[in-house]
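Content type compact mmCIF, C-alpha atoms, from the file protein16.txt:
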# COMPACT_ATOMS: atom_id res chain seq x y z
CA MET A 8 13.33 54.01 24.03
CA GLU A 9 9.77 53.96 24.95
CA GLU A 10 6.62 55.70 26.07
CA ALA A 11 4.49 54.21 28.80
CA ALA A 12 0.83 54.71 29.47
CA ALA A 13 -0.75 56.11 32.56
CA HIS A 14 -0.61 54.70 36.05
CA ASN A 15 -1.69 51.03 36.10
CA GLY A 16 -2.51 51.34 32.40
CA SER A 17 -1.23 49.60 29.29
CA ALA A 18 2.43 49.42 28.38
CA ALA A 19 3.51 51.65 25.56
CA GLY A 20 6.87 51.86 23.85
CA THR A 21 8.78 52.44 20.63
CA GLY A 22 12.33 52.40 19.46
CA THR A 23 12.17 56.11 18.73
CA GLY A 24 10.20 57.48 21.67
CA THR A 25 10.86 58.11 25.31
CA GLY A 26 8.88 58.00 28.52
CA VAL A 27 8.29 56.54 31.92
CA GLY A 28 5.23 54.84 33.36
CA ALA A 29 3.41 51.81 34.64
CA GLY A 30 2.87 48.89 32.35
CA SER A 31 0.96 45.62 31.95
CA PRO A 32 -2.67 45.17 30.93
CA ALA A 33 -5.09 46.84 33.27
CA ALA A 34 -7.79 44.16 33.10
CA ALA A 35 -8.57 42.44 36.43
CA ARG A 36 -5.28 43.56 37.96
CA PRO A 37 -5.17 44.70 41.61
CA PRO A 38 -3.51 48.08 42.11
CA ALA A 39 0.15 48.06 43.11
CA THR A 40 0.95 48.58 46.76
CA PRO A 41 2.84 51.75 47.82
CA GLU A 42 5.78 49.58 48.84
CA GLY A 43 5.77 47.78 45.49
CA MET A 44 5.66 51.04 43.53
CA ALA A 45 8.44 52.58 45.64
CA LEU A 46 10.65 49.53 45.08
CA ALA A 47 9.89 49.45 41.35
CA TYR A 48 10.50 53.12 40.60
CA GLY A 49 13.46 53.32 42.95
CA SER A 50 15.02 50.37 41.10
CA LEU A 51 14.32 51.98 37.73
CA VAL A 52 16.02 55.22 38.78
CA LEU A 53 19.04 53.27 40.05
CA MET A 54 19.22 51.21 36.85
CA ALA A 55 19.05 54.40 34.78
CA LEU A 56 21.92 56.00 36.71
CA LEU A 57 24.31 53.05 36.32
CA PRO A 58 24.77 53.16 32.51
CA ILE A 59 24.96 56.96 32.54
CA PHE A 60 27.66 57.06 35.23
CA PHE A 61 29.81 54.19 33.98
CA GLY A 62 29.10 54.92 30.31
CA ALA A 63 30.32 58.51 30.81
CA LEU A 64 33.51 57.26 32.50
CA ARG A 65 34.12 54.78 29.70
CA SER A 66 33.47 57.46 27.08
CA VAL A 67 36.61 59.27 28.25
CA SER A 68 38.90 56.32 27.48
CA CYS A 69 36.85 55.54 24.37
CA ALA A 70 37.59 59.02 23.00
CA LYS A 71 41.33 58.28 23.29
CA SER A 72 41.11 54.76 21.83
CA LYS A 73 42.86 53.98 18.54
CA ASN A 74 41.20 50.59 18.16
CA SER A 75 38.73 50.94 15.26
CA SER A 76 36.28 48.58 16.99
CA GLU A 77 36.06 50.92 20.01
CA MET A 78 36.18 54.34 18.36
CA PRO A 79 33.14 56.54 19.08
CA GLU A 80 30.57 57.74 16.58
CA THR A 81 30.57 61.54 16.63
CA ILE A 82 27.22 63.33 16.34
CA THR A 83 27.49 66.68 14.54
CA SER A 84 25.02 69.56 14.62
CA ARG A 85 23.67 68.42 11.26
CA ASP A 86 23.06 64.92 12.61
CA ALA A 87 21.38 66.38 15.70
CA ALA A 88 19.03 68.54 13.62
CA ARG A 89 18.04 65.57 11.44
CA PHE A 90 17.53 63.12 14.27
CA PRO A 91 13.99 64.13 15.36
CA ILE A 92 12.85 64.01 11.72
CA VAL A 93 14.38 60.56 11.18
CA ALA A 94 12.91 59.37 14.49
CA SER A 95 9.45 60.65 13.51
CA CYS A 96 9.61 58.89 10.13
CA THR A 97 10.72 55.67 11.82
CA LEU A 98 7.92 55.89 14.36
CA LEU A 99 5.30 56.56 11.70
CA GLY A 100 6.72 53.75 9.54
CA LEU A 101 6.44 51.28 12.43
CA TYR A 102 2.88 52.47 13.05
CA LEU A 103 1.92 51.74 9.43
CA PHE A 104 3.72 48.38 9.49
CA PHE A 105 1.78 47.25 12.55
CA LYS A 106 -1.46 48.42 10.93
CA ILE A 107 -0.82 46.58 7.64
CA PHE A 108 1.14 43.45 8.57
CA SER A 109 0.77 40.79 11.24
CA GLN A 110 2.13 41.92 14.60
CA GLU A 111 3.37 38.39 15.32
CA TYR A 112 5.73 38.21 12.32
CA ILE A 113 7.06 41.73 12.81
CA ASN A 114 7.89 41.01 16.44
CA LEU A 115 9.56 37.74 15.44
CA LEU A 116 11.90 39.66 13.12
CA LEU A 117 12.50 42.29 15.78
CA SER A 118 13.28 39.59 18.37
CA MET A 119 15.94 38.05 16.13
CA TYR A 120 17.41 41.48 15.35
CA PHE A 121 17.66 42.53 19.00
CA PHE A 122 18.86 39.03 19.94
CA VAL A 123 22.01 39.57 17.84
CA LEU A 124 22.44 43.22 18.85
CA GLY A 125 21.88 42.40 22.51
CA ILE A 126 24.54 39.68 22.55
CA LEU A 127 27.13 41.99 20.97
CA ALA A 128 26.23 44.91 23.27
CA LEU A 129 26.29 42.77 26.43
CA SER A 130 29.60 41.17 25.40
CA HIS A 131 31.18 44.61 24.90
CA THR A 132 29.77 45.78 28.25
CA ILE A 133 31.06 42.91 30.41
CA SER A 134 34.41 42.48 28.64
CA PRO A 135 36.41 44.96 30.83
CA MET A 136 34.97 43.43 34.03
CA MET A 137 35.53 39.84 32.90
CA ASN A 138 39.21 40.52 32.12
CA ARG A 139 39.86 40.71 35.87
CA PHE A 140 38.69 37.12 36.38
CA PHE A 141 40.95 35.51 33.78
CA PRO A 142 44.16 33.98 35.21
CA ALA A 143 47.50 35.45 34.14
CA ASN A 144 48.42 32.27 32.20
CA PHE A 145 45.15 32.24 30.22
CA PRO A 146 45.96 31.37 26.56
CA ASN A 147 44.70 34.61 25.04
CA LYS A 148 45.04 34.76 21.26
CA GLN A 149 44.44 37.82 19.08
CA TYR A 150 42.07 37.79 16.08
CA GLN A 151 41.11 40.27 13.43
CA LEU A 152 37.96 40.28 11.31
CA LEU A 153 38.71 42.22 8.14
CA PHE A 154 36.45 42.82 5.15
CA THR A 155 37.72 44.90 2.25
CA GLN A 156 36.30 46.09 -1.05
CA GLY A 157 38.31 46.50 -4.25
CA SER A 158 42.01 45.84 -4.73
CA GLY A 159 45.31 47.67 -4.99
CA GLU A 160 45.22 51.41 -4.28
CA SER A 161 41.43 51.48 -4.46
CA LYS A 162 41.07 48.92 -1.65
CA GLU A 163 38.65 50.13 1.00
CA GLU A 164 38.07 48.69 4.48
CA ILE A 165 34.45 47.79 5.17
CA VAL A 166 34.92 46.04 8.52
CA ASN A 167 38.07 45.95 10.67
CA TYR A 168 37.30 44.40 14.05
CA GLU A 169 40.00 43.25 16.48
CA PHE A 170 39.20 40.80 19.29
CA ASP A 171 40.75 38.04 21.37
CA THR A 172 39.92 34.77 23.13
CA LYS A 173 38.62 36.63 26.21
CA ASP A 174 36.15 38.47 23.99
CA LEU A 175 34.93 35.13 22.62
CA VAL A 176 34.31 33.89 26.18
CA CYS A 177 32.29 37.05 26.91
CA LEU A 178 30.37 36.49 23.68
CA ALA A 179 29.52 32.94 24.76
CA LEU A 180 28.26 34.10 28.17
CA SER A 181 26.19 36.84 26.52
CA SER A 182 24.70 34.27 24.15
CA VAL A 183 23.29 32.38 27.14
CA VAL A 184 21.42 35.54 28.18
CA GLY A 185 20.34 36.00 24.56
CA VAL A 186 18.82 32.52 24.36
CA TRP A 187 17.12 33.09 27.72
CA TYR A 188 15.57 36.31 26.45
CA LEU A 189 14.54 34.76 23.12
CA LEU A 190 12.81 31.78 24.75
CA ARG A 191 11.31 33.35 27.88
CA LYS A 192 11.28 37.14 27.33
CA HIS A 193 12.03 37.31 31.06
CA TRP A 194 12.25 40.80 32.52
CA ILE A 195 15.72 40.21 34.00
CA ALA A 196 17.11 39.18 30.59
CA ASN A 197 15.34 42.21 29.08
CA ASN A 198 17.03 44.48 31.63
CA LEU A 199 20.48 42.99 31.02
CA PHE A 200 20.14 43.78 27.33
CA GLY A 201 18.60 47.19 28.06
CA LEU A 202 21.43 48.17 30.41
CA ALA A 203 23.99 46.99 27.84
CA PHE A 204 22.35 49.03 25.06
CA SER A 205 22.25 52.10 27.30
CA LEU A 206 25.85 51.86 28.46
CA ASN A 207 27.11 51.28 24.93
CA GLY A 208 25.09 54.23 23.68
CA VAL A 209 26.47 56.62 26.30
CA GLU A 210 30.01 55.30 25.78
CA LEU A 211 30.15 55.21 21.98
CA LEU A 212 27.87 58.09 20.88
CA HIS A 213 29.74 61.36 21.29
CA LEU A 214 28.38 64.88 20.79
CA ASN A 215 31.02 67.09 19.18
CA ASN A 216 30.12 70.15 21.28
CA VAL A 217 27.60 71.55 23.76
CA SER A 218 25.66 73.42 21.04
CA THR A 219 25.07 70.13 19.23
CA GLY A 220 23.84 68.62 22.49
CA CYS A 221 21.37 71.49 22.97
CA ILE A 222 20.11 71.05 19.38
CA LEU A 223 19.64 67.30 19.86
CA LEU A 224 17.92 67.54 23.24
CA GLY A 225 15.79 70.49 22.14
CA GLY A 226 14.65 68.71 18.97
CA LEU A 227 13.77 65.52 20.84
CA PHE A 228 12.00 67.58 23.50
CA ILE A 229 9.57 68.82 20.79
CA TYR A 230 9.39 65.36 19.19
CA ASP A 231 8.54 63.68 22.48
CA VAL A 232 5.84 66.16 23.48
CA PHE A 233 4.22 66.10 20.02
CA TRP A 234 4.03 62.32 19.62
CA VAL A 235 2.84 61.72 23.19
CA PHE A 236 0.27 64.50 23.58
CA GLY A 237 -0.56 65.23 19.93
CA THR A 238 -1.31 61.75 18.54
CA ASN A 239 -1.86 58.13 19.57
CA VAL A 240 0.88 56.87 17.20
CA MET A 241 3.55 56.36 19.85
CA VAL A 242 1.24 54.57 22.27
CA THR A 243 -0.16 52.35 19.48
CA VAL A 244 3.30 51.29 18.33
CA ALA A 245 4.43 50.86 21.91
CA LYS A 246 1.67 48.40 22.72
CA SER A 247 2.66 46.29 19.72
CA PHE A 248 6.45 46.53 20.00
CA GLU A 249 8.26 43.66 21.75
CA ALA A 250 11.97 44.37 22.19
CA PRO A 251 14.48 45.15 24.98
CA ILE A 252 14.15 48.91 24.41
CA LYS A 253 13.05 49.63 27.96
CA LEU A 254 14.02 48.83 31.52
CA VAL A 255 11.24 47.19 33.53
CA PHE A 256 10.73 46.33 37.17
CA PRO A 257 7.70 44.54 38.66
CA GLN A 258 5.54 46.46 41.10
CA ASP A 259 4.24 43.16 42.49
CA LEU A 260 7.68 41.63 43.12
CA LEU A 261 7.02 41.44 46.87
CA GLU A 262 3.84 39.42 46.27
CA LYS A 263 4.82 37.22 43.31
CA GLY A 264 8.61 37.08 43.32
CA LEU A 265 10.48 36.67 40.04
CA GLU A 266 7.27 35.64 38.25
CA ALA A 267 5.71 39.07 38.86
CA ASP A 268 4.13 40.69 35.79
CA ASN A 269 2.84 44.17 36.72
CA PHE A 270 5.71 46.26 35.44
CA ALA A 271 6.84 49.85 35.85
CA MET A 272 9.05 50.83 32.94
CA LEU A 273 11.53 53.38 31.66
CA GLY A 274 12.41 53.85 27.99
CA LEU A 275 16.08 53.61 26.97
CA GLY A 276 15.77 56.97 25.20
CA ASP A 277 15.35 58.61 28.60
CA ILE A 278 18.75 57.21 29.54
CA VAL A 279 20.85 57.45 26.39
CA ILE A 280 19.79 60.90 25.12
CA PRO A 281 20.50 62.79 28.36
CA GLY A 282 23.37 60.37 29.05
CA ILE A 283 25.45 61.35 26.01
CA PHE A 284 25.06 65.02 27.01
CA ILE A 285 26.16 64.27 30.58
CA ALA A 286 29.14 62.29 29.23
CA LEU A 287 30.10 65.29 27.06
CA LEU A 288 30.11 67.51 30.15
CA LEU A 289 32.42 65.04 31.92
CA ARG A 290 34.88 65.28 29.01
CA PHE A 291 34.52 69.07 29.16
CA ASP A 292 35.34 68.97 32.89
CA ILE A 293 38.49 66.98 32.14
CA SER A 294 39.50 69.43 29.38
CA LEU A 295 39.44 72.29 31.93
CA LYS A 296 42.24 70.47 33.85
CA LYS A 297 41.00 71.70 37.23
CA ASN A 298 40.74 68.22 38.79
CA THR A 299 37.02 68.76 39.41
CA HIS A 300 33.96 67.26 37.76
CA THR A 301 31.57 70.09 38.57
CA TYR A 302 29.52 70.01 35.37
CA PHE A 303 29.32 66.23 35.30
CA TYR A 304 27.98 65.98 38.85
CA THR A 305 25.66 68.95 38.31
CA SER A 306 24.09 67.37 35.23
CA PHE A 307 23.97 63.99 36.99
CA VAL A 308 22.00 65.50 39.89
CA ALA A 309 19.84 67.35 37.34
CA TYR A 310 19.01 64.03 35.68
CA ILE A 311 17.93 62.53 39.02
CA PHE A 312 15.77 65.58 39.68
CA GLY A 313 14.18 65.48 36.20
CA LEU A 314 13.44 61.76 36.35
CA GLY A 315 12.01 62.03 39.84
CA LEU A 316 9.79 64.90 38.72
CA THR A 317 8.57 62.82 35.76
CA ILE A 318 7.50 59.97 38.03
CA PHE A 319 5.87 62.38 40.47
CA ILE A 320 3.85 64.18 37.75
CA MET A 321 2.79 60.85 36.21
CA HIS A 322 1.33 59.64 39.49
CA ILE A 323 -0.35 62.96 40.21
CA PHE A 324 -2.11 63.21 36.83
CA LYS A 325 -2.41 59.44 36.16
CA HIS A 326 -1.35 60.05 32.54
CA ALA A 327 1.56 59.07 30.29
CA GLN A 328 4.45 61.54 30.56
CA PRO A 329 7.16 62.26 27.99
CA ALA A 330 10.18 62.17 30.29
CA LEU A 331 12.26 64.47 28.09
CA LEU A 332 9.74 67.21 28.87
CA TYR A 333 11.34 67.33 32.33
CA LEU A 334 14.81 65.89 31.69
CA VAL A 335 15.86 68.28 28.92
CA PRO A 336 15.30 71.56 30.83
CA ALA A 337 16.96 70.07 33.92
CA CYS A 338 20.02 68.58 32.15
CA ILE A 339 20.66 71.75 30.12
CA GLY A 340 19.51 74.35 32.65
CA PHE A 341 21.41 73.20 35.75
CA PRO A 342 24.90 73.08 34.12
CA LEU A 343 24.20 76.36 32.30
CA LEU A 344 23.37 78.09 35.59
CA VAL A 345 26.62 76.76 37.10
CA ALA A 346 28.56 78.01 34.05
CA LEU A 347 26.94 81.45 34.42
CA ALA A 348 27.84 81.54 38.12
CA LYS A 349 31.45 80.56 37.39
CA GLY A 350 31.80 82.76 34.30
CA GLU A 351 32.61 79.77 32.06
CA VAL A 352 29.77 79.95 29.52
CA THR A 353 32.17 80.91 26.72
CA GLU A 354 34.51 78.03 27.55
CA MET A 355 31.57 75.61 27.68
CA PHE A 356 30.20 76.51 24.26
CA SER A 357 33.62 76.81 22.61
CA TYR A 358 34.66 73.31 23.75
CA GLU A 359 35.02 71.03 20.75
CA GLU A 360 35.57 67.28 20.73
CA SER A 361 38.82 66.36 18.98
CA SER A 362 37.92 63.27 16.97
CA THR A 363 39.94 61.38 14.40
CA PRO A 364 38.63 62.24 10.92
CA LYS A 365 37.18 59.36 8.95
CA GLU A 366 39.23 58.39 5.93
CA VAL A 367 37.76 59.26 2.57
CA PRO A 368 38.69 56.65 -0.09
CA GLY A 369 41.06 58.13 -2.66
CA ALA A 370 41.49 61.41 -0.73
CA SER A 371 44.62 62.82 0.85
CA LYS A 372 44.92 63.35 4.59
CA GLU A 373 44.42 67.12 4.11
CA GLU A 374 41.27 66.54 2.01
CA THR A 375 39.92 64.10 4.60
CA THR A 376 40.48 66.61 7.41
CA GLU A 377 38.80 69.36 5.40
CA ALA A 378 35.80 67.10 4.68
CA SER A 379 35.53 66.34 8.40
CA LYS A 380 35.45 70.08 9.22
CA LYS A 381 32.68 70.71 6.70
CA GLU A 382 30.62 67.88 8.21
CA LYS A 383 30.57 69.71 11.56
What do you get writing this file as structure tokens?
Amino acid sequence: MEEAAAHNGSAAGTGTGTGVGAGSPAAARPPATPEGMALAYGSLVLMALLPIFFGALRSVSCAKSKNSSEMPETITSRDAARFPIVASCTLLGLYLFFKIFSQEYINLLLSMYFFVLGILALSHTISPMMNRFFPANFPNKQYQLLFTQGSGESKEEIVNYEFDTKDLVCLALSSVVGVWYLLRKHWIANNLFGLAFSLNGVELLHLNNVSTGCILLGGLFIYDVFWVFGTNVMVTVAKSFEAPIKLVFPQDLLEKGLEADNFAMLGLGDIVIPGIFIALLLRFDISLKKNTHTYFYTSFVAYIFGLGLTIFIMHIFKHAQPALLYLVPACIGFPLLVALAKGEVTEMFSYEESSTPKEVPGASKEETTEASKKEK
């Protein structure tokens, strides 16, 4: 998730911010050609749509999964209200860290951290596609990684991850990309990790209802505007932060090929945050049992409109733009207008995700269910 500086300006990005813009140092750099910019921003929009579309589709089956390694993380209204505060504290903490400590050592730690996360995310992303390429007689063995704490009746599961030989092959392939990114920091490797993070986020992060989605998007709308227009904290951190938390595409690809270095960029926050709301609307569509995906397609078109408007405004004013300033009103407003027209506002806001309650150690099933209700 990342904020980018103005047209042909410096790159800016953080793990807790969002934005879209043109990157790379401005010194002695020729301006991008109209063709190069059109290719770059068109590619960014396409790359943003892929994880939202496929992540939303995968979120439907994920919601029904009983495999603990694939079960979604449900975001409640309380989580949504806290998120902008936590994000602000994280952003400010990173700002202070970069001011006090050496940028080189911090980025080394971050590179190792995202190296591991990226491999796991990419492996999970390509696993369903890779399964089609394995022959029927492939010796596929099942494994389980289980960590427990305590013994007897007080035993508690810490980690319970099920996988097979095919997953290990996917992990090996993802490790090759990970090493490539770690050694070269190439923009293609960065994008592979970024797309994997985005798709996993949309697939595995579930809002429990539409009201929670409105709280989350509304809170991050204020957060984004404040940290972009109110201070230089986000831009300062962004210039120092090296991690695959953004999608990039070179504006000088036509001139320099794969070694191009004048990047347009889009923060992952501009994909995942609206994406989990769009995925919720797809699951709401399915719950209506009308064999239509009206709200999903409406919000999907709204996202394209909001992102296109962000890029347009950025190039008109030549200034960094918080993308959620345009995406949030579009992604909430368009589906809400459709619901008003169809008379389904009540159904939309009464829809509740049915998630499996998390077990509370030492508690009965009834107590666990009651605790889950209170959490919402």
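Relative to CA of Leu273 in chain A, CA of Tyr333 in chain A is found at 14.0 Å.
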- Extract, using all atoms listed in the file, all DNA, RNA and protein residues at most 9 Å from range 45-61 of chain A, discarding same-chain residues fewer than 3 positions from it, and format them as a count of residues only. 42
- Item | From A:Met137, A:Val93, A:Met78, A:Leu316, residue lying nearest Asn167 in chain A [only C-alpha atoms] |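 The shortest atom-to-atom distance to Asn167 in chain A comes from A:Met78.
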- Message: Just checking: using only C-alpha atoms, which residue out of A:Leu227, A:Asn215, A:Ile252, A:Gly340 ends up closest to Ile82 in chain A?
- Response: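 Between A:Leu227, A:Asn215, A:Ile252, A:Gly340, the residue approaching Ile82 in chain A most closely is A:Asn215.
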- Kindly indicate which residue among A:Met355, A:Leu224, A:Val345, A:Leu152 lies nearest to Leu295 in chain A, using all atoms listed in the file for the distances.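 Checking each candidate against Leu295 in chain A, we get A:Met355 as the closest.
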So that I can check the surroundings of Glu163 in chain A, please list as a PDB file with C-alpha atoms, in the coordinates of the input every protein, DNA and RNA residue that reaches within 9 Å of it, counting only C-alpha atoms and ignoring chain neighbours fewer than 6 positions away.
ATOM      1  CA  PHE A 154      36.450  42.820   5.150  1.00  0.00           C
ATOM      2  CA  THR A 155      37.720  44.900   2.250  1.00  0.00           C
ATOM      3  CA  GLN A 156      36.300  46.090  -1.050  1.00  0.00           C
ATOM      4  CA  GLY A 157      38.310  46.500  -4.250  1.00  0.00           C
ATOM      5  CA  PRO A 368      38.690  56.650  -0.090  1.00  0.00           C
TER       6      PRO A 368
END
- How far is it from CA of Phe312 in chain A to CA of Val67 in chain A, in Å with one decimal?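 Between these atoms lies a distance of 24.6 Å.
Once Glu359 in chain A and its same-chain neighbours fewer than 2 positions away are set aside, Leu214, Asn215, Asn216, Val217, Ser218, Leu287, Phe291, Ser294, Glu354, Met355, Phe356, Ser357, Ser361 and Ser362 of chain A remain within 10 Å of it when counting all atoms listed in the file.
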- Query: Distance CA of Leu347 in chain A-CA of Phe284 in chain A, one decimal place?
  - Reply: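 Atom-to-atom, CA of Leu347 in chain A to CA of Phe284 in chain A, that is 18.1 Å.
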Axis-aligned box over every listed atom of range 221-226 of chain A, padded by 4 Å per side: centre and edges in Å to one decimal, as AutoDock Vina command-line options?
--center_x 18.0 --center_y 69.4 --center_z 21.1 --size_x 14.7 --size_y 12.2 --size_z 12.3
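Comparing the minimum interatomic distances between Gly125 in chain A and each of A:His213, A:Ala250, A:Ala88, A:Phe228, counting only C-alpha atoms, we find that A:Ala250 sits nearest.
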- Task: Choose the residue, out of A:Tyr358, A:Tyr302, A:Phe140, A:Phe121, that has the smallest atom-to-atom separation from Ile339 in chain A; count only C-alpha atoms.
- Result: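 Using only C-alpha atoms, the shortest distance to Ile339 in chain A belongs to A:Tyr302.
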- For Leu127 in chain A, which of A:Leu98, A:Leu180, A:Ala245, A:Ala337 is the closest residue, counting all atoms listed in the file? A:Leu180
